[in-house]
Amino acid sequence: MYDGIHGFWVASATPLDATGQVDTTVLGDHARALFAQGCDGLVVFGTTGEGPSFSTAERVAVVRDLLDQGIAPERLAVGAGFPAIADAVRLCRDTLSFGLTQVLVLPPYFYRDVTEDGLVDAYARLVDQVNDDRLRLTLYNIPQVSGVRVPPDVAARLRARYGRVIAGVKDSSADFAQFRAFRAAAPELAVTVGNEADIGRALAEGGAGTICGMGNVAPHLVRAMFRPNPPIETMRAACGLISGPFIALLKSMLAAQSGQAGWLNVRPPLRPATLADGTQRLAQLDALPHQRAA
């Protein structure tokens, strides 16, 4: 049994009101709707959730509100990517106090020339200062966005040093060779993929599942990727519909799908897409062959 995130988890978008504050009622409704459609869990404040645009206090407050709405802590994880390790420590301590143990952690992402030893030092500082055996960290590798790669050897060294506290890796590099390298370096880690088209072959090679953005608007299609003969080409076509400013376009699709225009709102420096953008892409998504059969 994996200690880390496994199965089908959605990297949730973050609904905002007109002032740019998180609409936790809409977010709670979104979570419950996804659970009803076969999603195992929700990661808030990851890349799709505009995580770096929110402070530690904001993230903690949203997690607390979701738990107060009755969402089980084992079905939630929170993104903790900060350049300052102290902010990640505070977030981990606060969410652990609510019973939430799963945390997705970017490497400190301002300095692009850090060594592997430096990355080990950074993650070690976080774990040592949190100092709680309940913590379950998933290392987050998305170098095309963060600018800092998490090498497989770093994951292996941290797992050897901290055991179950280093629970997994989310590989969003979209490079399947990188997924295989994580599996080879630390086979006991729960390695999830962010690239939806890779879900089937990752599972076949010992992967733990996915944390992905397309689950927000097409959870049944993502779930189909867990079955024999997954609809890979349909999934690639679906992902291709959101080429460009991914977060804004995804949120425009959520607005069209839900009838809630507030989903269009994003935090600067992002710019919103239009409801027409979302309506068009949602119609194209619904027209895909697997979608009609679902």
# chains A, B, ... in the order shown; residues from 1 in each chain; ligands from 1
>>> select_by_dssp(residues="range 86-294 of chain A", states="strand (DSSP E)", output="PyMOL selection string")
chain A and resi 102-105+136-141+166-171+190-193+209-212
>>> write_last_selection(atoms="C-alpha atoms", output="compact mmCIF listing (two decimals), in the first residue's frame")
# COMPACT_ATOMS: atom_id res chain seq x y z
CA GLN A 102 -0.60 14.90 2.27
CA VAL A 103 1.43 17.86 0.99
CA LEU A 104 2.70 18.43 -2.56
CA VAL A 105 5.99 20.35 -2.42
CA ARG A 136 3.52 12.66 3.87
CA LEU A 137 5.40 14.70 1.28
CA THR A 138 5.03 14.30 -2.46
CA LEU A 139 7.96 15.91 -4.27
CA TYR A 140 6.74 17.92 -7.25
CA ASN A 141 8.76 17.80 -10.47
CA ILE A 166 8.87 11.17 1.78
CA ALA A 167 5.87 9.42 0.33
CA GLY A 168 5.85 10.12 -3.40
CA VAL A 169 6.74 12.11 -6.48
CA LYS A 170 4.46 13.88 -8.89
CA ASP A 171 6.19 13.94 -12.25
CA ALA A 190 4.18 6.55 -5.05
CA VAL A 191 5.02 8.10 -8.43
CA THR A 192 2.08 9.86 -10.08
CA VAL A 193 2.02 11.50 -13.50
CA GLY A 209 -1.88 7.01 -10.58
CA THR A 210 -2.33 10.65 -11.52
CA ILE A 211 -2.75 14.16 -10.19
CA CYS A 212 -4.04 16.03 -13.21
>>> closest_atom_pairs(of="range 178-237 of chain A", to="range 249-272 of chain A", cutoff="12 Å", atoms="only C-alpha atoms", output="Markdown table")
| residue | atom | partner | partner_atom | distance |
| --- | --- | --- | --- | --- |
| A:Cys212 | CA | A:Leu250 | CA | 12.0 |
| A:Gly213 | CA | A:Leu250 | CA | 8.2 |
| A:Met214 | CA | A:Leu250 | CA | 8.0 |
| A:Gly215 | CA | A:Leu250 | CA | 10.3 |
| A:Asn216 | CA | A:Leu254 | CA | 7.5 |
| A:Val217 | CA | A:Leu254 | CA | 6.4 |
| A:Ala218 | CA | A:Leu254 | CA | 10.1 |
>>> atom_distance(atom1="CA of Asn229 in chain A", atom2="CA of Arg201 in chain A")
10.0 Å
>>> residues_around(residues="Leu27 in chain A", least_positions_apart="4", cutoff="10 Å", atoms="only C-alpha atoms", output="list in words")
Ser12, Ala13, Thr14, Pro15, Leu16, Val22, Asp23, Ala31, Arg32, Ala33, Val44, Val62, Asp65, Leu66 and Trp263 of chain A
>>> closest_residue(among="A:Ala208, A:Ala238, A:Ile199, A:Ala177", to="Ala224 in chain A", atoms="only C-alpha atoms")
A:Ile199
>>> closest_atom_pairs(of="range 85-122 of chain A", to="range 145-161 of chain A", cutoff="10 Å", atoms="only C-alpha atoms", output="JSON lines")
{"residue": "A:Leu106", "atom": "CA", "partner": "A:Ser146", "partner_atom": "CA", "distance": 7.8}
{"residue": "A:Pro107", "atom": "CA", "partner": "A:Val148", "partner_atom": "CA", "distance": 6.9}
{"residue": "A:Pro108", "atom": "CA", "partner": "A:Val148", "partner_atom": "CA", "distance": 7.8}
{"residue": "A:Tyr109", "atom": "CA", "partner": "A:Ser146", "partner_atom": "CA", "distance": 5.7}
{"residue": "A:Phe110", "atom": "CA", "partner": "A:Gly147", "partner_atom": "CA", "distance": 8.0}
{"residue": "A:Tyr111", "atom": "CA", "partner": "A:Val148", "partner_atom": "CA", "distance": 7.9}
{"residue": "A:Arg112", "atom": "CA", "partner": "A:Val148", "partner_atom": "CA", "distance": 5.8}
{"residue": "A:Asp113", "atom": "CA", "partner": "A:Val148", "partner_atom": "CA", "distance": 8.1}
{"residue": "A:Val114", "atom": "CA", "partner": "A:Val148", "partner_atom": "CA", "distance": 8.0}
{"residue": "A:Thr115", "atom": "CA", "partner": "A:Pro151", "partner_atom": "CA", "distance": 9.9}
{"residue": "A:Glu116", "atom": "CA", "partner": "A:Val154", "partner_atom": "CA", "distance": 6.3}
{"residue": "A:Asp117", "atom": "CA", "partner": "A:Val154", "partner_atom": "CA", "distance": 7.9}
{"residue": "A:Gly118", "atom": "CA", "partner": "A:Val154", "partner_atom": "CA", "distance": 9.7}
{"residue": "A:Leu119", "atom": "CA", "partner": "A:Val154", "partner_atom": "CA", "distance": 7.2}
{"residue": "A:Val120", "atom": "CA", "partner": "A:Val154", "partner_atom": "CA", "distance": 6.1}
{"residue": "A:Asp121", "atom": "CA", "partner": "A:Leu158", "partner_atom": "CA", "distance": 9.5}
>>> atom_distance(atom1="CA of Thr274 in chain A", atom2="CA of Leu241 in chain A")
14.7 Å
>>> atom_distance(atom1="CA of Ser55 in chain A", atom2="CA of Leu135 in chain A")
20.4 Å
>>> residues_around(residues="Leu126 in chain A", least_positions_apart="2", cutoff="9 Å", atoms="only C-alpha atoms", output="JSON, numbers by chain")
{"A": [85, 86, 88, 89, 92, 121, 122, 123, 124, 128, 129, 130, 131]}
>>> residues_around(residues="Gly206 in chain A", least_positions_apart="3", cutoff="8 Å", atoms="only C-alpha atoms", output="ChimeraX atom specification")
/A:183,202-203
>>> write_last_selection(atoms="N, CA and C atoms", output="PDB file, in the first residue's frame")
ATOM      1  N   ARG A 183      10.944   5.767 -10.863  1.00  0.00           N
ATOM      2  CA  ARG A 183      10.581   4.411 -10.457  1.00  0.00           C
ATOM      3  C   ARG A 183      11.829   3.570 -10.189  1.00  0.00           C
ATOM      4  N   ALA A 202       1.923   4.350 -17.342  1.00  0.00           N
ATOM      5  CA  ALA A 202       2.541   4.512 -16.029  1.00  0.00           C
ATOM      6  C   ALA A 202       2.013   3.466 -15.048  1.00  0.00           C
ATOM      7  N   LEU A 203       0.712   3.235 -15.043  1.00  0.00           N
ATOM      8  CA  LEU A 203       0.145   2.203 -14.180  1.00  0.00           C
ATOM      9  C   LEU A 203       0.726   0.832 -14.509  1.00  0.00           C
TER      10      LEU A 203
END
